[in-house]
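**Q** Hey, dropping input_28.cif in here, mmCIF, N, CA and C atoms:
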data_coords
#
loop_
_atom_site.label_atom_id
_atom_site.label_comp_id
_atom_site.auth_asym_id
_atom_site.auth_seq_id
_atom_site.Cartn_x
_atom_site.Cartn_y
_atom_site.Cartn_z
N MET V 1103 -24.57 128.29 120.59
CA MET V 1103 -24.09 129.64 120.39
C MET V 1103 -22.57 129.62 120.23
N LYS V 1104 -22.10 130.36 119.26
CA LYS V 1104 -20.66 130.52 119.06
C LYS V 1104 -20.18 131.60 120.01
N ARG V 1105 -19.12 131.33 120.71
CA ARG V 1105 -18.59 132.25 121.71
C ARG V 1105 -17.54 133.17 121.09
N ILE V 1106 -17.41 134.36 121.65
CA ILE V 1106 -16.47 135.35 121.12
C ILE V 1106 -15.03 134.83 121.20
N LYS V 1107 -14.68 134.12 122.26
CA LYS V 1107 -13.30 133.61 122.36
C LYS V 1107 -13.01 132.64 121.23
N ASP V 1108 -14.03 131.88 120.78
CA ASP V 1108 -13.84 130.97 119.66
C ASP V 1108 -13.70 131.74 118.35
N MET V 1109 -14.47 132.80 118.20
CA MET V 1109 -14.36 133.62 116.99
C MET V 1109 -12.99 134.28 116.90
N VAL V 1110 -12.49 134.78 118.02
CA VAL V 1110 -11.16 135.40 118.04
C VAL V 1110 -10.09 134.36 117.72
N ALA V 1111 -10.20 133.18 118.31
CA ALA V 1111 -9.24 132.11 118.04
C ALA V 1111 -9.25 131.71 116.57
N GLU V 1112 -10.43 131.62 115.98
CA GLU V 1112 -10.53 131.29 114.55
C GLU V 1112 -9.91 132.38 113.69
N ALA V 1113 -10.15 133.63 114.05
CA ALA V 1113 -9.55 134.74 113.30
C ALA V 1113 -8.03 134.68 113.39
N ASN V 1114 -7.50 134.40 114.57
CA ASN V 1114 -6.05 134.34 114.74
C ASN V 1114 -5.41 133.19 113.99
N GLU V 1115 -6.20 132.20 113.61
CA GLU V 1115 -5.67 131.10 112.81
C GLU V 1115 -5.44 131.50 111.35
N VAL V 1116 -6.16 132.54 110.90
CA VAL V 1116 -6.08 132.89 109.48
C VAL V 1116 -5.51 134.28 109.20
N VAL V 1117 -5.25 135.07 110.24
CA VAL V 1117 -4.66 136.40 110.02
C VAL V 1117 -3.29 136.46 110.69
N SER V 1118 -2.45 137.32 110.16
CA SER V 1118 -1.12 137.52 110.75
C SER V 1118 -1.25 138.40 111.98
N HIS V 1119 -0.50 138.05 113.01
CA HIS V 1119 -0.55 138.83 114.24
C HIS V 1119 0.76 138.67 114.99
N ALA V 1120 1.00 139.62 115.88
CA ALA V 1120 2.20 139.59 116.73
C ALA V 1120 1.93 140.44 117.95
N ALA V 1121 2.78 140.28 118.94
CA ALA V 1121 2.67 141.05 120.17
C ALA V 1121 3.05 142.50 119.93
N ALA V 1122 2.52 143.36 120.78
CA ALA V 1122 2.81 144.79 120.69
C ALA V 1122 4.32 145.05 120.70
N SER V 1123 5.03 144.35 121.56
CA SER V 1123 6.48 144.58 121.66
C SER V 1123 7.19 144.29 120.33
N ASP V 1124 6.67 143.35 119.56
CA ASP V 1124 7.25 143.06 118.24
C ASP V 1124 6.81 144.06 117.18
N MET V 1125 5.61 144.56 117.31
CA MET V 1125 5.07 145.50 116.32
C MET V 1125 5.66 146.89 116.44
N MET V 1126 6.28 147.18 117.58
CA MET V 1126 6.88 148.52 117.76
C MET V 1126 7.92 148.82 116.70
N ALA V 1127 8.58 147.81 116.20
CA ALA V 1127 9.61 148.02 115.17
C ALA V 1127 9.01 148.58 113.88
N LEU V 1128 7.71 148.39 113.68
CA LEU V 1128 7.06 148.89 112.46
C LEU V 1128 6.57 150.32 112.59
N HIS V 1129 6.50 150.83 113.84
CA HIS V 1129 5.98 152.17 114.04
C HIS V 1129 6.83 153.20 113.32
N SER V 1130 6.18 154.09 112.62
CA SER V 1130 6.80 155.18 111.86
C SER V 1130 7.55 154.71 110.62
N GLN V 1131 7.41 153.44 110.24
CA GLN V 1131 8.03 152.98 109.00
C GLN V 1131 7.19 153.42 107.80
N GLU V 1132 7.86 153.76 106.74
CA GLU V 1132 7.20 154.11 105.48
C GLU V 1132 6.38 152.92 105.01
N GLY V 1133 5.16 153.18 104.57
CA GLY V 1133 4.32 152.12 104.01
C GLY V 1133 3.61 151.26 105.04
N VAL V 1134 3.60 151.70 106.31
CA VAL V 1134 2.89 150.97 107.37
C VAL V 1134 1.89 151.93 108.00
N THR V 1135 0.64 151.50 108.04
CA THR V 1135 -0.41 152.30 108.67
C THR V 1135 -0.98 151.55 109.86
N PHE V 1136 -0.86 152.14 111.03
CA PHE V 1136 -1.50 151.60 112.23
C PHE V 1136 -2.94 152.09 112.24
N VAL V 1137 -3.87 151.18 112.51
CA VAL V 1137 -5.29 151.50 112.50
C VAL V 1137 -5.87 151.23 113.88
N ASP V 1138 -6.33 152.28 114.53
CA ASP V 1138 -6.92 152.19 115.86
C ASP V 1138 -8.42 151.97 115.71
N LEU V 1139 -8.89 150.84 116.20
CA LEU V 1139 -10.29 150.44 116.05
C LEU V 1139 -11.15 150.78 117.27
N ARG V 1140 -10.57 151.39 118.26
CA ARG V 1140 -11.28 151.61 119.52
C ARG V 1140 -12.32 152.72 119.40
N ASP V 1141 -13.20 152.72 120.35
CA ASP V 1141 -14.25 153.72 120.48
C ASP V 1141 -13.61 155.09 120.75
N PRO V 1142 -14.19 156.17 120.23
CA PRO V 1142 -13.62 157.50 120.49
C PRO V 1142 -13.41 157.81 121.97
N ARG V 1143 -14.28 157.30 122.83
CA ARG V 1143 -14.11 157.54 124.28
C ARG V 1143 -12.83 156.90 124.80
N GLU V 1144 -12.45 155.75 124.24
CA GLU V 1144 -11.20 155.10 124.64
C GLU V 1144 -10.00 155.94 124.23
N LEU V 1145 -10.07 156.54 123.05
CA LEU V 1145 -8.98 157.39 122.58
C LEU V 1145 -8.83 158.62 123.46
N GLU V 1146 -9.95 159.22 123.82
CA GLU V 1146 -9.93 160.39 124.70
C GLU V 1146 -9.31 160.04 126.05
N ARG V 1147 -9.69 158.90 126.58
CA ARG V 1147 -9.25 158.48 127.91
C ARG V 1147 -7.80 158.00 127.93
N ASP V 1148 -7.40 157.19 126.94
CA ASP V 1148 -6.12 156.49 126.99
C ASP V 1148 -5.08 156.95 125.98
N GLY V 1149 -5.46 157.83 125.04
CA GLY V 1149 -4.54 158.22 123.99
C GLY V 1149 -4.48 157.16 122.90
N MET V 1150 -3.55 157.34 121.98
CA MET V 1150 -3.42 156.40 120.87
C MET V 1150 -1.98 156.39 120.36
N ILE V 1151 -1.69 155.45 119.51
CA ILE V 1151 -0.36 155.39 118.91
C ILE V 1151 -0.21 156.59 117.98
N PRO V 1152 0.84 157.39 118.17
CA PRO V 1152 1.03 158.57 117.32
C PRO V 1152 1.08 158.18 115.84
N GLY V 1153 0.35 158.95 115.05
CA GLY V 1153 0.31 158.72 113.61
C GLY V 1153 -0.69 157.67 113.16
N ALA V 1154 -1.35 157.00 114.10
CA ALA V 1154 -2.33 155.98 113.74
C ALA V 1154 -3.55 156.63 113.10
N PHE V 1155 -4.21 155.85 112.26
CA PHE V 1155 -5.46 156.25 111.63
C PHE V 1155 -6.60 155.68 112.47
N HIS V 1156 -7.53 156.53 112.89
CA HIS V 1156 -8.64 156.03 113.71
C HIS V 1156 -9.80 155.61 112.81
N CYS V 1157 -10.20 154.35 112.95
CA CYS V 1157 -11.35 153.82 112.24
C CYS V 1157 -12.22 153.10 113.25
N PRO V 1158 -13.33 153.71 113.67
CA PRO V 1158 -14.20 153.01 114.62
C PRO V 1158 -14.61 151.65 114.07
N ARG V 1159 -14.61 150.64 114.91
CA ARG V 1159 -14.89 149.27 114.48
C ARG V 1159 -16.17 149.17 113.66
N GLY V 1160 -17.18 149.91 114.02
CA GLY V 1160 -18.45 149.84 113.32
C GLY V 1160 -18.43 150.37 111.90
N MET V 1161 -17.39 151.10 111.54
CA MET V 1161 -17.30 151.67 110.19
C MET V 1161 -16.30 150.94 109.30
N LEU V 1162 -15.56 149.98 109.84
CA LEU V 1162 -14.45 149.36 109.11
C LEU V 1162 -14.83 148.88 107.72
N GLU V 1163 -15.81 148.01 107.62
CA GLU V 1163 -16.16 147.44 106.31
C GLU V 1163 -16.60 148.52 105.33
N PHE V 1164 -17.31 149.54 105.82
CA PHE V 1164 -17.77 150.63 104.97
C PHE V 1164 -16.59 151.47 104.47
N TRP V 1165 -15.60 151.65 105.31
CA TRP V 1165 -14.44 152.47 104.93
C TRP V 1165 -13.47 151.71 104.04
N ILE V 1166 -13.43 150.38 104.13
CA ILE V 1166 -12.54 149.58 103.29
C ILE V 1166 -13.07 149.46 101.86
N ASP V 1167 -14.36 149.23 101.70
CA ASP V 1167 -14.95 148.97 100.38
C ASP V 1167 -14.84 150.21 99.49
N PRO V 1168 -14.07 150.12 98.40
CA PRO V 1168 -13.90 151.29 97.53
C PRO V 1168 -15.20 151.74 96.85
N GLU V 1169 -16.19 150.86 96.80
CA GLU V 1169 -17.47 151.22 96.18
C GLU V 1169 -18.47 151.80 97.19
N SER V 1170 -18.11 151.80 98.45
CA SER V 1170 -18.97 152.35 99.48
C SER V 1170 -18.94 153.87 99.42
N PRO V 1171 -20.06 154.52 99.70
CA PRO V 1171 -20.02 155.99 99.75
C PRO V 1171 -19.18 156.50 100.93
N TYR V 1172 -18.80 155.61 101.84
CA TYR V 1172 -18.00 155.99 103.00
C TYR V 1172 -16.53 155.61 102.87
N ALA V 1173 -16.13 155.08 101.71
CA ALA V 1173 -14.76 154.60 101.50
C ALA V 1173 -13.73 155.66 101.88
N LYS V 1174 -12.65 155.21 102.51
CA LYS V 1174 -11.56 156.10 102.90
C LYS V 1174 -10.32 155.77 102.08
N PRO V 1175 -9.64 156.79 101.58
CA PRO V 1175 -8.46 156.54 100.75
C PRO V 1175 -7.33 155.82 101.49
N GLN V 1176 -7.29 155.93 102.80
CA GLN V 1176 -6.23 155.26 103.56
C GLN V 1176 -6.23 153.76 103.28
N PHE V 1177 -7.41 153.18 103.07
CA PHE V 1177 -7.49 151.74 102.85
C PHE V 1177 -7.22 151.35 101.40
N GLN V 1178 -7.01 152.32 100.53
CA GLN V 1178 -6.67 152.05 99.13
C GLN V 1178 -5.19 152.33 98.86
N SER V 1179 -4.42 152.55 99.91
CA SER V 1179 -3.04 153.01 99.78
C SER V 1179 -2.06 151.91 99.39
N GLY V 1180 -2.41 150.66 99.63
CA GLY V 1180 -1.46 149.58 99.39
C GLY V 1180 -0.48 149.38 100.54
N ASP V 1181 -0.66 150.14 101.62
CA ASP V 1181 0.20 150.02 102.79
C ASP V 1181 0.02 148.67 103.48
N ARG V 1182 0.93 148.37 104.36
CA ARG V 1182 0.76 147.28 105.32
C ARG V 1182 -0.05 147.88 106.46
N PHE V 1183 -1.08 147.17 106.91
CA PHE V 1183 -1.95 147.66 107.96
C PHE V 1183 -1.73 146.87 109.24
N VAL V 1184 -1.62 147.60 110.34
CA VAL V 1184 -1.51 146.99 111.67
C VAL V 1184 -2.71 147.49 112.47
N PHE V 1185 -3.68 146.61 112.65
CA PHE V 1185 -4.88 146.94 113.41
C PHE V 1185 -4.62 146.74 114.89
N TYR V 1186 -5.25 147.58 115.70
CA TYR V 1186 -5.18 147.36 117.15
C TYR V 1186 -6.42 147.88 117.84
N CYS V 1187 -6.68 147.27 118.99
CA CYS V 1187 -7.76 147.69 119.89
C CYS V 1187 -7.18 147.62 121.30
N ALA V 1188 -8.01 147.55 122.30
CA ALA V 1188 -7.50 147.53 123.68
C ALA V 1188 -6.78 146.24 124.02
N SER V 1189 -7.34 145.10 123.65
CA SER V 1189 -6.76 143.82 124.09
C SER V 1189 -6.51 142.81 122.98
N GLY V 1190 -6.85 143.14 121.74
CA GLY V 1190 -6.57 142.23 120.63
C GLY V 1190 -7.75 141.43 120.14
N TRP V 1191 -8.91 141.60 120.73
CA TRP V 1191 -10.09 140.84 120.29
C TRP V 1191 -10.75 141.51 119.09
N ARG V 1192 -11.07 142.79 119.23
CA ARG V 1192 -11.69 143.50 118.10
C ARG V 1192 -10.76 143.54 116.90
N SER V 1193 -9.46 143.70 117.17
CA SER V 1193 -8.52 143.77 116.06
C SER V 1193 -8.40 142.43 115.33
N ALA V 1194 -8.52 141.32 116.04
CA ALA V 1194 -8.48 140.00 115.39
C ALA V 1194 -9.68 139.86 114.45
N LEU V 1195 -10.86 140.18 114.95
CA LEU V 1195 -12.06 140.08 114.12
C LEU V 1195 -12.01 141.07 112.95
N SER V 1196 -11.48 142.25 113.20
CA SER V 1196 -11.38 143.26 112.15
C SER V 1196 -10.38 142.86 111.08
N ALA V 1197 -9.25 142.33 111.50
CA ALA V 1197 -8.24 141.90 110.52
C ALA V 1197 -8.81 140.79 109.64
N ARG V 1198 -9.56 139.88 110.24
CA ARG V 1198 -10.18 138.82 109.45
C ARG V 1198 -11.19 139.39 108.45
N ALA V 1199 -12.03 140.31 108.90
CA ALA V 1199 -13.01 140.93 108.00
C ALA V 1199 -12.30 141.66 106.86
N ALA V 1200 -11.25 142.41 107.18
CA ALA V 1200 -10.52 143.15 106.16
C ALA V 1200 -9.88 142.19 105.15
N GLN V 1201 -9.32 141.14 105.64
CA GLN V 1201 -8.70 140.13 104.77
C GLN V 1201 -9.75 139.49 103.86
N GLU V 1202 -10.91 139.16 104.42
CA GLU V 1202 -11.99 138.57 103.63
C GLU V 1202 -12.51 139.53 102.56
N MET V 1203 -12.38 140.84 102.81
CA MET V 1203 -12.81 141.84 101.84
C MET V 1203 -11.75 142.08 100.77
N GLY V 1204 -10.59 141.44 100.90
CA GLY V 1204 -9.55 141.57 99.89
C GLY V 1204 -8.43 142.53 100.24
N LEU V 1205 -8.45 143.11 101.42
CA LEU V 1205 -7.37 143.99 101.84
C LEU V 1205 -6.16 143.12 102.13
N GLU V 1206 -5.06 143.42 101.49
CA GLU V 1206 -3.87 142.60 101.64
C GLU V 1206 -2.94 143.17 102.70
N ASN V 1207 -2.08 142.32 103.20
CA ASN V 1207 -1.04 142.72 104.13
C ASN V 1207 -1.60 143.35 105.40
N VAL V 1208 -2.55 142.64 106.00
CA VAL V 1208 -3.19 143.09 107.24
C VAL V 1208 -2.67 142.25 108.41
N TRP V 1209 -2.26 142.90 109.45
CA TRP V 1209 -1.80 142.29 110.69
C TRP V 1209 -2.62 142.88 111.83
N HIS V 1210 -2.50 142.26 112.99
CA HIS V 1210 -3.07 142.91 114.16
C HIS V 1210 -2.19 142.64 115.37
N ILE V 1211 -2.28 143.57 116.33
CA ILE V 1211 -1.54 143.45 117.59
C ILE V 1211 -2.37 142.56 118.50
N ASN V 1212 -1.89 141.35 118.74
CA ASN V 1212 -2.72 140.36 119.43
C ASN V 1212 -2.87 140.58 120.93
N ASP V 1213 -2.08 141.46 121.51
CA ASP V 1213 -2.26 141.76 122.93
C ASP V 1213 -2.67 143.21 123.16
N GLY V 1214 -2.92 143.92 122.09
CA GLY V 1214 -3.58 145.22 122.13
C GLY V 1214 -2.78 146.42 122.61
N PHE V 1215 -3.51 147.53 122.63
CA PHE V 1215 -2.93 148.82 123.03
C PHE V 1215 -2.47 148.80 124.47
N SER V 1216 -3.16 148.06 125.32
CA SER V 1216 -2.73 147.99 126.73
C SER V 1216 -1.32 147.41 126.82
N ALA V 1217 -1.02 146.39 126.02
CA ALA V 1217 0.33 145.82 126.01
C ALA V 1217 1.33 146.78 125.37
N TRP V 1218 0.89 147.53 124.37
CA TRP V 1218 1.74 148.53 123.73
C TRP V 1218 2.23 149.53 124.78
N LYS V 1219 1.30 150.01 125.59
CA LYS V 1219 1.66 150.97 126.64
C LYS V 1219 2.58 150.35 127.68
N LYS V 1220 2.28 149.13 128.12
CA LYS V 1220 3.12 148.45 129.11
C LYS V 1220 4.53 148.21 128.60
N ALA V 1221 4.66 147.98 127.29
CA ALA V 1221 5.97 147.72 126.70
C ALA V 1221 6.75 149.02 126.42
N GLY V 1222 6.14 150.16 126.72
CA GLY V 1222 6.83 151.44 126.53
C GLY V 1222 6.68 152.03 125.15
N GLY V 1223 5.68 151.56 124.40
CA GLY V 1223 5.43 152.13 123.07
C GLY V 1223 4.98 153.57 123.17
N PRO V 1224 5.24 154.38 122.15
CA PRO V 1224 4.83 155.78 122.20
C PRO V 1224 3.31 155.91 122.22
N VAL V 1225 2.84 156.88 122.99
CA VAL V 1225 1.40 157.16 123.12
C VAL V 1225 1.22 158.66 123.00
N GLY V 1226 0.27 159.04 122.17
CA GLY V 1226 -0.05 160.45 122.01
C GLY V 1226 -1.52 160.69 122.25
N ASP V 1227 -1.90 161.97 122.22
CA ASP V 1227 -3.30 162.33 122.37
C ASP V 1227 -4.05 162.06 121.08
N LYS V 1228 -5.34 161.90 121.21
CA LYS V 1228 -6.21 161.77 120.04
C LYS V 1228 -6.10 163.07 119.26
N PRO V 1229 -5.83 163.00 117.95
CA PRO V 1229 -5.72 164.25 117.19
C PRO V 1229 -7.07 164.96 117.08
N GLU V 1230 -7.02 166.27 117.02
CA GLU V 1230 -8.23 167.05 116.85
C GLU V 1230 -8.77 166.85 115.44
N LYS V 1231 -10.09 166.88 115.30
CA LYS V 1231 -10.69 166.77 113.96
C LYS V 1231 -10.38 168.03 113.19
N SER V 1232 -10.06 167.82 111.91
CA SER V 1232 -9.75 169.01 111.09
C SER V 1232 -10.95 169.48 110.32
#
Here is the file; what I need is its structure written in the form of structure tokens.
**A**
Amino acid sequence: MKRIKDMVAEANEVVSHAAASDMMALHSQEGVTFVDLRDPRELERDGMIPGAFHCPRGMLEFWIDPESPYAKPQFQSGDRFVFYCASGWRSALSARAAQEMGLENVWHINDGFSAWKKAGGPVGDKPEKS
């Protein structure tokens, strides 16, 4: 059986990543989209990075593929994407999947939203659905 820690390590070998404290410099920059991959309950409980786009992990591939009936325009923007989850595991796997699907300029926060909060990064409430 392949273990999740091995899958995350393999993903980190092929995708760009950095610590939350380093990624803070990209927050609110033009052409950078932060993508929150956490479950909606996590967003309700812990908040999220202000301005981030929420994409539940289970929908990522469907939302990236422009031919999918679920495709989201955010993933066709040409922006630099910074994926994050709670601790950096889901975001590592997600960044690898996105990269394999042809999405360019994908990074992930390797120590996750928990490290973002500890480092003093801005945190806001989950936005209301429009």
**Q** Could you check which residues have any atom within 8 Å of (4.9, 149.8, 118.2), counting all atoms listed in the file with coordinates taken straight from the file, and then list them as a VMD selection string?
**A** chain V and resid 1121 to 1130 1151 1218 1222 to 1224
**Q** I would like the residues chosen by the PyMOL selection byres (((chain V and resi 1134 and name CA) around 9) and name CA) on the shown file; could you give them as a PyMOL selection string?
**A** chain V and resi 1128-1133+1135-1136+1181-1184
**Q** Please write as a ChimeraX atom specification the full residue list that the PyMOL selection byres (((chain V and resi 1192 and name CA) around 10) and name CA) yields on this file.
**A** /V:1106,1110,1139-1140,1159,1185-1191,1193-1198,1210,1212,1214
**Q** Find the residue from V:Lys1104, V:Ile1166, V:Pro1142, V:Met1109 that sits nearest to Leu1205 in chain V; use all atoms listed in the file when measuring.
**A**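 The answer is V:Ile1166, which sits nearest to Leu1205 in chain V.
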**Q** Expressed in Å to a single decimal, how great is the separation between atom N of Met1103 in chain V and atom N of Asp1213 in chain V?
**A**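 The value is 26.1 Å.
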**Q** Taking the chain letters and numbering used in this document, name the residues of range 1106-1232 of chain V that DSSP puts in strand (DSSP E), as JSON, numbers by chain.
**A** {"V": [1118, 1119, 1120, 1134, 1135, 1136, 1137, 1138, 1155, 1156, 1182, 1183, 1184, 1185, 1186, 1208, 1209, 1210, 1211]}
**Q** Distance CA of Ala1200 in chain V-CA of Lys1107 in chain V, one decimal place?
**A**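 If I compute the distance from CA of Ala1200 in chain V to CA of Lys1107 in chain V, I get 19.0 Å.
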**Q** Would you please work out which residue, of V:Gly1204, V:Tyr1172, V:Val1137, V:Arg1143, is nearest to Phe1155 in chain V when using only N, CA and C atoms?
**A**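 Looking only at the distances to Phe1155 in chain V, the closest residue turns out to be V:Val1137.
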**Q** Smallest atom-to-atom distance to Phe1164 in chain V: which of V:Asp1138, V:Glu1112, V:Met1203, V:Glu1146, using only C-alpha atoms?
**A**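 So, comparing all the options, the nearest one is V:Met1203.
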**Q** Box along x, y and z, 8 Å on every side, all listed atoms of range 1208-1222 of chain V inside: centre and edge lengths in Å to one decimal, as lines of an AutoDock Vina configuration file.
**A**
center_x = 1.6
center_y = 146.2
center_z = 117.6
size_x = 26.4
size_y = 27.7
size_z = 39.1
**Q** Which distance in Å separates CA of Ile1211 in chain V and CA of Asp1227 in chain V, to one decimal?
**A**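 Computing it gives 19.6 Å between the two atoms.
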**Q** Atoms are missing here; could range 1125-1134 of chain V be completed with all heavy atoms and written as a compact mmCIF listing (two decimals), keeping the file's coordinate frame?
**A**
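Result file result_30.txt:
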# COMPACT_ATOMS: atom_id res chain seq x y z
N MET V 1125 5.61 144.56 117.31
CA MET V 1125 5.07 145.50 116.32
C MET V 1125 5.66 146.89 116.44
O MET V 1125 5.59 147.68 115.51
CB MET V 1125 3.55 145.59 116.45
CG MET V 1125 2.83 144.33 116.02
SD MET V 1125 3.02 144.03 114.25
CE MET V 1125 1.63 142.95 113.99
N MET V 1126 6.28 147.18 117.58
CA MET V 1126 6.88 148.52 117.76
C MET V 1126 7.92 148.82 116.70
O MET V 1126 8.10 149.98 116.32
CB MET V 1126 7.50 148.63 119.15
CG MET V 1126 6.49 148.85 120.21
SD MET V 1126 7.34 149.15 121.76
CE MET V 1126 6.12 148.52 122.88
N ALA V 1127 8.58 147.81 116.20
CA ALA V 1127 9.61 148.02 115.17
C ALA V 1127 9.01 148.58 113.88
O ALA V 1127 9.72 149.19 113.08
CB ALA V 1127 10.33 146.71 114.88
N LEU V 1128 7.71 148.39 113.68
CA LEU V 1128 7.06 148.89 112.46
C LEU V 1128 6.57 150.32 112.59
O LEU V 1128 6.26 150.97 111.59
CB LEU V 1128 5.86 148.00 112.11
CG LEU V 1128 6.17 146.55 111.76
CD1 LEU V 1128 4.87 145.78 111.54
CD2 LEU V 1128 7.05 146.48 110.53
N HIS V 1129 6.50 150.83 113.84
CA HIS V 1129 5.98 152.17 114.04
C HIS V 1129 6.83 153.20 113.32
O HIS V 1129 8.05 153.17 113.39
CB HIS V 1129 5.89 152.50 115.53
CG HIS V 1129 5.22 153.80 115.79
ND1 HIS V 1129 5.88 154.88 116.31
CD2 HIS V 1129 3.95 154.19 115.59
CE1 HIS V 1129 5.04 155.88 116.42
NE2 HIS V 1129 3.85 155.50 115.99
N SER V 1130 6.18 154.09 112.62
CA SER V 1130 6.80 155.18 111.86
C SER V 1130 7.55 154.71 110.62
O SER V 1130 8.25 155.50 110.00
CB SER V 1130 7.74 156.02 112.74
OG SER V 1130 7.01 156.61 113.79
N GLN V 1131 7.41 153.44 110.24
CA GLN V 1131 8.03 152.98 109.00
C GLN V 1131 7.19 153.42 107.80
O GLN V 1131 5.97 153.43 107.86
CB GLN V 1131 8.15 151.45 108.96
CG GLN V 1131 9.35 150.91 109.65
CD GLN V 1131 9.57 149.43 109.34
OE1 GLN V 1131 8.93 148.85 108.48
NE2 GLN V 1131 10.50 148.83 110.05
N GLU V 1132 7.86 153.76 106.74
CA GLU V 1132 7.20 154.11 105.48
C GLU V 1132 6.38 152.92 105.01
O GLU V 1132 6.83 151.77 105.06
CB GLU V 1132 8.27 154.45 104.43
CG GLU V 1132 7.73 154.88 103.11
CD GLU V 1132 7.41 156.36 103.08
OE1 GLU V 1132 8.00 157.12 103.86
OE2 GLU V 1132 6.58 156.74 102.25
N GLY V 1133 5.16 153.18 104.57
CA GLY V 1133 4.32 152.12 104.01
C GLY V 1133 3.61 151.26 105.04
O GLY V 1133 3.06 150.21 104.70
N VAL V 1134 3.60 151.70 106.31
CA VAL V 1134 2.89 150.97 107.37
C VAL V 1134 1.89 151.93 108.00
O VAL V 1134 2.26 153.02 108.43
CB VAL V 1134 3.85 150.43 108.45
CG1 VAL V 1134 3.07 149.73 109.57
CG2 VAL V 1134 4.88 149.48 107.84
